[in-house]
Structure formats: C-alpha cells, structure tokens
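Scroll down for the structure; my scribbles are underneath it.
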Amino acid sequence: MSTASAILRHALRSGLVRAVTALVVLAAAVLAWWMAGQGGVPYPTGTFGMATGSAGGVYALYGQLLKPQVAREMPGVDLRLDPTAGGPQNLQRILAGQDDFGIATADAVAHFTSPGASRLRALGRLYDDYVQLVVPTDSPITSVADLRGRTVAVGQADSGVALIAERVLQVSGLDPARGDLTTVPLGIDDAPTQLRDGRIDAFFWSGGLPSSAVTTLSRQMKVRLIPLGQLATAMDTLAGDEDPAARDIQVYRSSTMPTSAYPAMSPDGAVQTLAVANLMVTRDDVPAGLVERMTGVLIDSRDAIGVQVHPAQMVDIRSAIYTDPLPLAEGARRYYVSVKP
C-alpha cells in the first residue's frame, strides 16, 4: 500500500472528513435558507429585468417603488428596471427574454399576437389604468368629436396609449388616414410640453392615478379632461371584434376619476372615463420559485407602493387572481393557494 493511500485511509477514519462534511451540509442549509428568503420558498438569485414604461408614467414609478421591496423581501435578487414605450413593448421584451417581468393592460395583452404569445403568463391583476384626454381649460374641445381638424398626441408607437387612442377615435368616427385630424406619436414624457407650448391641441394618456406628468402640467397651466366613459360599450365591442382573446371578458369599462386625482385641474369636477386593468406579466419558463416569491412581494407591498401610486391600494388577493386574458403563472398559482383562507 502506498504512503498516499495510507494517509487517505487515516484521514477517512479521523474526524477531519466528518467535520468538513458537516460544514458543507451546514453551508448548503444556510444557502438554501438565504435563497428562500422570508417566504420559505427557494428561488434563484441574481439580476432579473422588469420592463416598465415612459418617464412620468405610473409604470415607471411602480417599478421604482417595487425594486426596494424586492431587495428587502428577496435577498440576492436585483430587479433591473428597463424603460419602455409601454405595455405592448413590455410584452415583446418579456417574450424575447430581454425581461422577466413587466406591466401591461388587459387590452394590450388581448391584442398581442406575436409568435409565441401563448407563453405569456400573469402574476396577478394590479390596478386600473384610466384613459385621459387632456386639453387646455379654455379649449373649445368638449368631446372626442371636437378633435376633428385638430392636432392630437396619441402615444408612442408600440404603447398601450396608442392602441386605446386609435380605438377611441375609431368608435367616435374619426380617421386620421382620411384627414379628419392630425395625430402625432408623442408619449407622456413629451406631450405635456407640446400642449403647454401650443404645438398640439390635446393628448391622450392612459395610466394610473395620479400620473406625475399630468399633475405637473396641471400646476403649470389650466387643463381639463374630456369625458370618455360613454364609449365603454362601443370600445368593448370593438376589442371583441379585433381580438379573439377579448371576446369573453370585459376589457373596458366606465369609471369615475375623482377630483382628488388632480386637485389643480380647472374645473376640478369628477370625470367619467374609460378604465382598463393592468396585469403583472411573466413568461412560462421563468422559475416558479422566483415567480411565487415575486407574487408575494406584489401583494405584500400594496400599502407601501400605494402611498405614491394610489390605485395600488386596490390590489387585493381576492381580485388579483382574475388575470384574463392571461392564465396565472404556476408560481403565482402556488402563492395564491398557499395563502388561501
């Protein structure tokens, strides 16, 4: 027997190997506990992307507020925030693997038909977006029909705003291609300045309340909102005609924007407008443990985020599971089952 073999046999009989083995087991247990975080569910660590939206919009703010919640509740996870044009682009990025999570409205999801779209899943229903058609207070525009002959910002290409604005104009009998009005592809980061400078007559925006860019504009000049709630039925019919995924659900509904949303509006009365639900979206191959823990953070951070994103206060475990037209992700399903009373 060689000297090396003798040394190895002696080491195996000694307590050295047993001690090292015990340390390895302990280290593995600690690592598993750390990866599980406070929720007790193991998840992968590292950097994961979230597609948000335009600066000045609620998607961007929601992401900024969610990031520290994730860092605290899910040690080892860094939520990278990626600015985008909005929901449709968010869906494209998630499907392409550029991001793991993102927010999109139910109508944008139903309208999304890129190859592989069936791989998209939802973590939960978050809050409602409100469609806002903003004009100067002294403008003669009092309805969508009055946009005829005007220059109107309708949102960036590949944004949820652009989809909604197109449909609002369509059900109102206005067609930019026919010359009924001039539309420009401006988002919430540019449209308020253009309205203030008189280069456009109105702009569309769809977002949670309040949207910081609209709040800022209302303090810089007198603006008001055009009522859109009366279009809800026609909008739902149009969505069902265009998108098979929207035929069996209510995509758009009429809702009241309270005066508290924008106190500096003039006049500041409540306005009936269109509302559409927002979903937190992921992909079917994002690890179930990560999705389960992220779903828990979404629900648990409701009050903290709701201080600045007021609609987030409406996030509720009983309504969060209604994610039509997307099915729940497996990790999200596990979370809701685990906390079911």
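Letters for chains follow the order of the structure tokens (A, B, ...), residue numbers begin at 1 for each chain, and ligand numbers begin at 1 in the order shown.
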
Near stretch 297-320 of chain A, 12 Å: stretch 196-230 of chain A residue rows, closest pairs, only C-alpha atoms, as a tab-separated table:
residue	atom	partner	partner_atom	distance
A:Gly207	CA	A:Pro311	CA	10.0
A:Gly208	CA	A:Pro311	CA	6.4
A:Leu209	CA	A:Pro311	CA	6.3
A:Pro210	CA	A:Val309	CA	7.1
A:Ser211	CA	A:Val309	CA	8.6
A:Ser212	CA	A:Val309	CA	9.8

Neighbour list for stretch 104-116 of chain A as a ChimeraX atom specification, cut-off 9 Å, only C-alpha atoms, skip fewer than 6 positions in-chain:
/A:52,59,86-92,95,128-129,159-160,163-164,239,242-246,251-252,276-281,323-326

Inset, instruction - Using DSSP on the backbone coordinates, identify the residues of stretch 96-237 of chain A assigned to strand (DSSP E or B); present them as a PyMOL selection string. - result: chain A and resi 101-105+120-136+151-153+182-184+202-207+223-225

Output file for the residues above (N, CA and C atoms, as a short mmCIF file (atom, residue, chain, number, x, y, z; two decimals), in the first residue's frame):
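Saved to selection-v4.cif:
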data_model
loop_
_atom_site.label_atom_id
_atom_site.label_comp_id
_atom_site.auth_asym_id
_atom_site.auth_seq_id
_atom_site.Cartn_x
_atom_site.Cartn_y
_atom_site.Cartn_z
N PHE A 101 -40.19 40.24 -16.18
CA PHE A 101 -41.47 40.74 -15.68
C PHE A 101 -41.79 42.06 -16.38
N GLY A 102 -43.05 42.45 -16.34
CA GLY A 102 -43.46 43.73 -16.89
C GLY A 102 -44.95 43.92 -16.72
N ILE A 103 -45.38 45.18 -16.80
CA ILE A 103 -46.80 45.51 -16.64
C ILE A 103 -47.41 45.79 -18.02
N ALA A 104 -48.63 45.33 -18.21
CA ALA A 104 -49.35 45.62 -19.45
C ALA A 104 -50.84 45.61 -19.16
N THR A 105 -51.59 46.39 -19.93
CA THR A 105 -53.04 46.42 -19.76
C THR A 105 -53.67 45.19 -20.41
N LEU A 120 -46.90 33.65 -22.54
CA LEU A 120 -47.03 34.70 -21.52
C LEU A 120 -47.96 34.23 -20.40
N ARG A 121 -47.60 34.64 -19.18
CA ARG A 121 -48.39 34.30 -18.01
C ARG A 121 -48.53 35.54 -17.12
N ALA A 122 -49.45 35.47 -16.17
CA ALA A 122 -49.67 36.61 -15.27
C ALA A 122 -49.37 36.23 -13.83
N LEU A 123 -48.82 37.21 -13.09
CA LEU A 123 -48.64 37.05 -11.65
C LEU A 123 -49.89 37.51 -10.91
N GLY A 124 -50.58 38.51 -11.46
CA GLY A 124 -51.78 39.00 -10.81
C GLY A 124 -52.29 40.26 -11.47
N ARG A 125 -53.52 40.58 -11.14
CA ARG A 125 -54.12 41.84 -11.57
C ARG A 125 -53.72 42.91 -10.56
N LEU A 126 -53.21 44.04 -11.04
CA LEU A 126 -52.70 45.07 -10.15
C LEU A 126 -53.71 46.18 -9.90
N TYR A 127 -53.83 47.11 -10.79
CA TYR A 127 -54.71 48.27 -10.62
C TYR A 127 -55.22 48.68 -11.99
N ASP A 128 -56.14 49.62 -12.03
CA ASP A 128 -56.73 50.06 -13.29
C ASP A 128 -56.00 51.28 -13.84
N ASP A 129 -55.84 51.29 -15.16
CA ASP A 129 -55.43 52.50 -15.88
C ASP A 129 -56.68 53.29 -16.23
N TYR A 130 -56.55 54.61 -16.24
CA TYR A 130 -57.64 55.49 -16.64
C TYR A 130 -57.22 56.25 -17.90
N VAL A 131 -58.09 56.24 -18.90
CA VAL A 131 -57.79 56.92 -20.15
C VAL A 131 -58.06 58.41 -19.96
N GLN A 132 -57.05 59.21 -20.26
CA GLN A 132 -57.12 60.66 -20.02
C GLN A 132 -56.88 61.42 -21.32
N LEU A 133 -57.88 62.17 -21.74
CA LEU A 133 -57.77 63.04 -22.90
C LEU A 133 -57.68 64.47 -22.37
N VAL A 134 -56.50 65.05 -22.45
CA VAL A 134 -56.19 66.32 -21.79
C VAL A 134 -56.21 67.47 -22.80
N VAL A 135 -56.90 68.56 -22.44
CA VAL A 135 -56.96 69.76 -23.28
C VAL A 135 -56.80 70.99 -22.38
N PRO A 136 -56.42 72.13 -22.94
CA PRO A 136 -56.41 73.36 -22.15
C PRO A 136 -57.82 73.70 -21.68
N THR A 151 -54.76 68.83 -33.94
CA THR A 151 -53.52 68.06 -33.85
C THR A 151 -53.48 67.42 -32.46
N VAL A 152 -53.38 66.10 -32.44
CA VAL A 152 -53.56 65.35 -31.20
C VAL A 152 -52.42 64.34 -31.01
N ALA A 153 -51.82 64.33 -29.83
CA ALA A 153 -50.81 63.32 -29.50
C ALA A 153 -51.51 62.05 -29.06
N THR A 182 -55.04 65.41 -37.30
CA THR A 182 -53.62 65.09 -37.41
C THR A 182 -53.16 64.47 -36.10
N THR A 183 -52.59 63.26 -36.18
CA THR A 183 -52.11 62.60 -34.98
C THR A 183 -50.58 62.58 -34.98
N VAL A 184 -50.01 62.74 -33.78
CA VAL A 184 -48.55 62.70 -33.63
C VAL A 184 -48.20 61.69 -32.54
N ALA A 202 -54.41 68.63 -28.02
CA ALA A 202 -54.86 67.68 -27.00
C ALA A 202 -53.89 66.50 -27.00
N PHE A 203 -53.92 65.74 -25.91
CA PHE A 203 -53.16 64.49 -25.92
C PHE A 203 -53.88 63.41 -25.14
N PHE A 204 -53.68 62.18 -25.60
CA PHE A 204 -54.20 61.01 -24.90
C PHE A 204 -53.13 60.47 -23.96
N TRP A 205 -53.58 59.99 -22.82
CA TRP A 205 -52.71 59.28 -21.90
C TRP A 205 -53.55 58.23 -21.18
N SER A 206 -52.96 57.08 -20.93
CA SER A 206 -53.63 56.03 -20.17
C SER A 206 -52.69 55.58 -19.07
N GLY A 207 -53.11 55.76 -17.83
CA GLY A 207 -52.24 55.41 -16.72
C GLY A 207 -52.99 55.42 -15.41
N VAL A 223 -55.71 73.04 -17.27
CA VAL A 223 -56.12 71.96 -18.18
C VAL A 223 -57.33 71.24 -17.60
N ARG A 224 -58.02 70.50 -18.46
CA ARG A 224 -59.16 69.71 -18.03
C ARG A 224 -59.20 68.42 -18.83
N LEU A 225 -60.09 67.53 -18.44
CA LEU A 225 -60.20 66.22 -19.06
C LEU A 225 -61.53 66.09 -19.81
#

Using only C-alpha atoms, which of A:Thr282, A:Thr142, A:Gln170, A:Ser254 sits nearest A:Gly49?
->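 The shortest atom-to-atom distance to A:Gly49 comes from A:Thr282.
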
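Proximity of A:Val154, A:Ala165, A:Val337, A:Ala329 to A:Leu231, computed with only C-alpha atoms, is greatest for A:Ala165.
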
Would you pick out the contacts of A:Ala234 at 12 Å or less, using only C-alpha atoms, so that residues sharing its chain but fewer than 6 positions from it are not included, and give the list as an mmCIF file with C-alpha atoms, in the first residue's frame?
data_model
loop_
_atom_site.group_PDB
_atom_site.id
_atom_site.type_symbol
_atom_site.label_atom_id
_atom_site.label_comp_id
_atom_site.auth_asym_id
_atom_site.auth_seq_id
_atom_site.Cartn_x
_atom_site.Cartn_y
_atom_site.Cartn_z
ATOM 1 C CA ARG A 167 -59.860 52.760 -30.757
ATOM 2 C CA VAL A 168 -61.372 55.870 -29.143
ATOM 3 C CA LEU A 169 -61.042 57.720 -32.444
ATOM 4 C CA GLN A 170 -62.442 54.764 -34.383
ATOM 5 C CA VAL A 171 -65.607 54.359 -32.295
ATOM 6 C CA SER A 172 -66.055 58.139 -32.477
ATOM 7 C CA GLY A 173 -65.988 58.112 -36.276
ATOM 8 C CA LEU A 228 -64.900 59.204 -22.328
ATOM 9 C CA GLY A 240 -64.021 41.726 -29.091
ATOM 10 C CA ASP A 241 -64.239 42.142 -32.875
ATOM 11 C CA GLN A 250 -64.897 42.890 -20.171
ATOM 12 C CA VAL A 251 -61.818 44.797 -21.307
ATOM 13 C CA TYR A 252 -63.031 48.375 -20.997
ATOM 14 C CA ARG A 253 -65.474 49.815 -18.500
ATOM 15 C CA SER A 254 -66.716 53.223 -17.478
ATOM 16 C CA LEU A 274 -62.574 54.517 -19.591
#

May I ask which of the residues A:Gln156, A:Ser255, A:Thr45, A:Ser143 is the closest one to A:Gly229, counting only C-alpha atoms?
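Checking each candidate against A:Gly229, we get A:Ser255 as the closest.
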
Where does DSSP see helix (DSSP H, G or I) in stretch 135-341 of chain A, if you list the residues as an NGL selection string? :A and (144-147 or 160-171 or 176-178 or 191-196 or 212-220 or 229-242 or 244-246 or 259-261 or 288-300 or 302-306 or 310-314 or 317-320 or 330-338)

- Message: At a cut-off of 8 Å, using only C-alpha atoms, what residues contact A:Met50? Leave out same-chain residues fewer than 4 positions from it and give the result as a PyMOL selection string.
- Response: chain A and resi 63+79-82+99-102

Would you put the residues from that selection into a file with N, CA, C and O atoms, as a JSON list (two decimals), in the first residue's frame?
[["chain", "number", "residue", "atom", "x", "y", "z"],
["A", 63, "GLY", "N", -42.40, 50.57, -10.79],
["A", 63, "GLY", "CA", -41.16, 49.80, -10.79],
["A", 63, "GLY", "C", -40.15, 50.35, -9.79],
["A", 63, "GLY", "O", -39.49, 49.58, -9.08],
["A", 79, "LEU", "N", -33.69, 43.67, -9.01],
["A", 79, "LEU", "CA", -34.69, 43.92, -10.04],
["A", 79, "LEU", "C", -34.23, 45.07, -10.92],
["A", 79, "LEU", "O", -34.22, 46.22, -10.49],
["A", 80, "ARG", "N", -33.80, 44.76, -12.13],
["A", 80, "ARG", "CA", -33.35, 45.78, -13.07],
["A", 80, "ARG", "C", -34.56, 46.39, -13.78],
["A", 80, "ARG", "O", -35.41, 45.68, -14.28],
["A", 81, "LEU", "N", -34.66, 47.71, -13.77],
["A", 81, "LEU", "CA", -35.80, 48.40, -14.37],
["A", 81, "LEU", "C", -35.43, 48.90, -15.77],
["A", 81, "LEU", "O", -34.47, 49.65, -15.94],
["A", 82, "ASP", "N", -36.21, 48.48, -16.77],
["A", 82, "ASP", "CA", -35.94, 48.84, -18.15],
["A", 82, "ASP", "C", -37.05, 49.74, -18.70],
["A", 82, "ASP", "O", -38.18, 49.28, -18.89],
["A", 99, "ASP", "N", -36.57, 40.72, -20.73],
["A", 99, "ASP", "CA", -37.03, 40.99, -19.37],
["A", 99, "ASP", "C", -37.79, 39.77, -18.88],
["A", 99, "ASP", "O", -38.28, 38.95, -19.67],
["A", 100, "ASP", "N", -37.91, 39.69, -17.55],
["A", 100, "ASP", "CA", -38.60, 38.56, -16.93],
["A", 100, "ASP", "C", -39.99, 38.94, -16.44],
["A", 100, "ASP", "O", -40.86, 38.08, -16.29],
["A", 101, "PHE", "N", -40.19, 40.24, -16.18],
["A", 101, "PHE", "CA", -41.47, 40.74, -15.68],
["A", 101, "PHE", "C", -41.79, 42.06, -16.38],
["A", 101, "PHE", "O", -40.90, 42.73, -16.92],
["A", 102, "GLY", "N", -43.05, 42.45, -16.34],
["A", 102, "GLY", "CA", -43.46, 43.73, -16.89],
["A", 102, "GLY", "C", -44.95, 43.92, -16.72],
["A", 102, "GLY", "O", -45.70, 42.96, -16.50]]
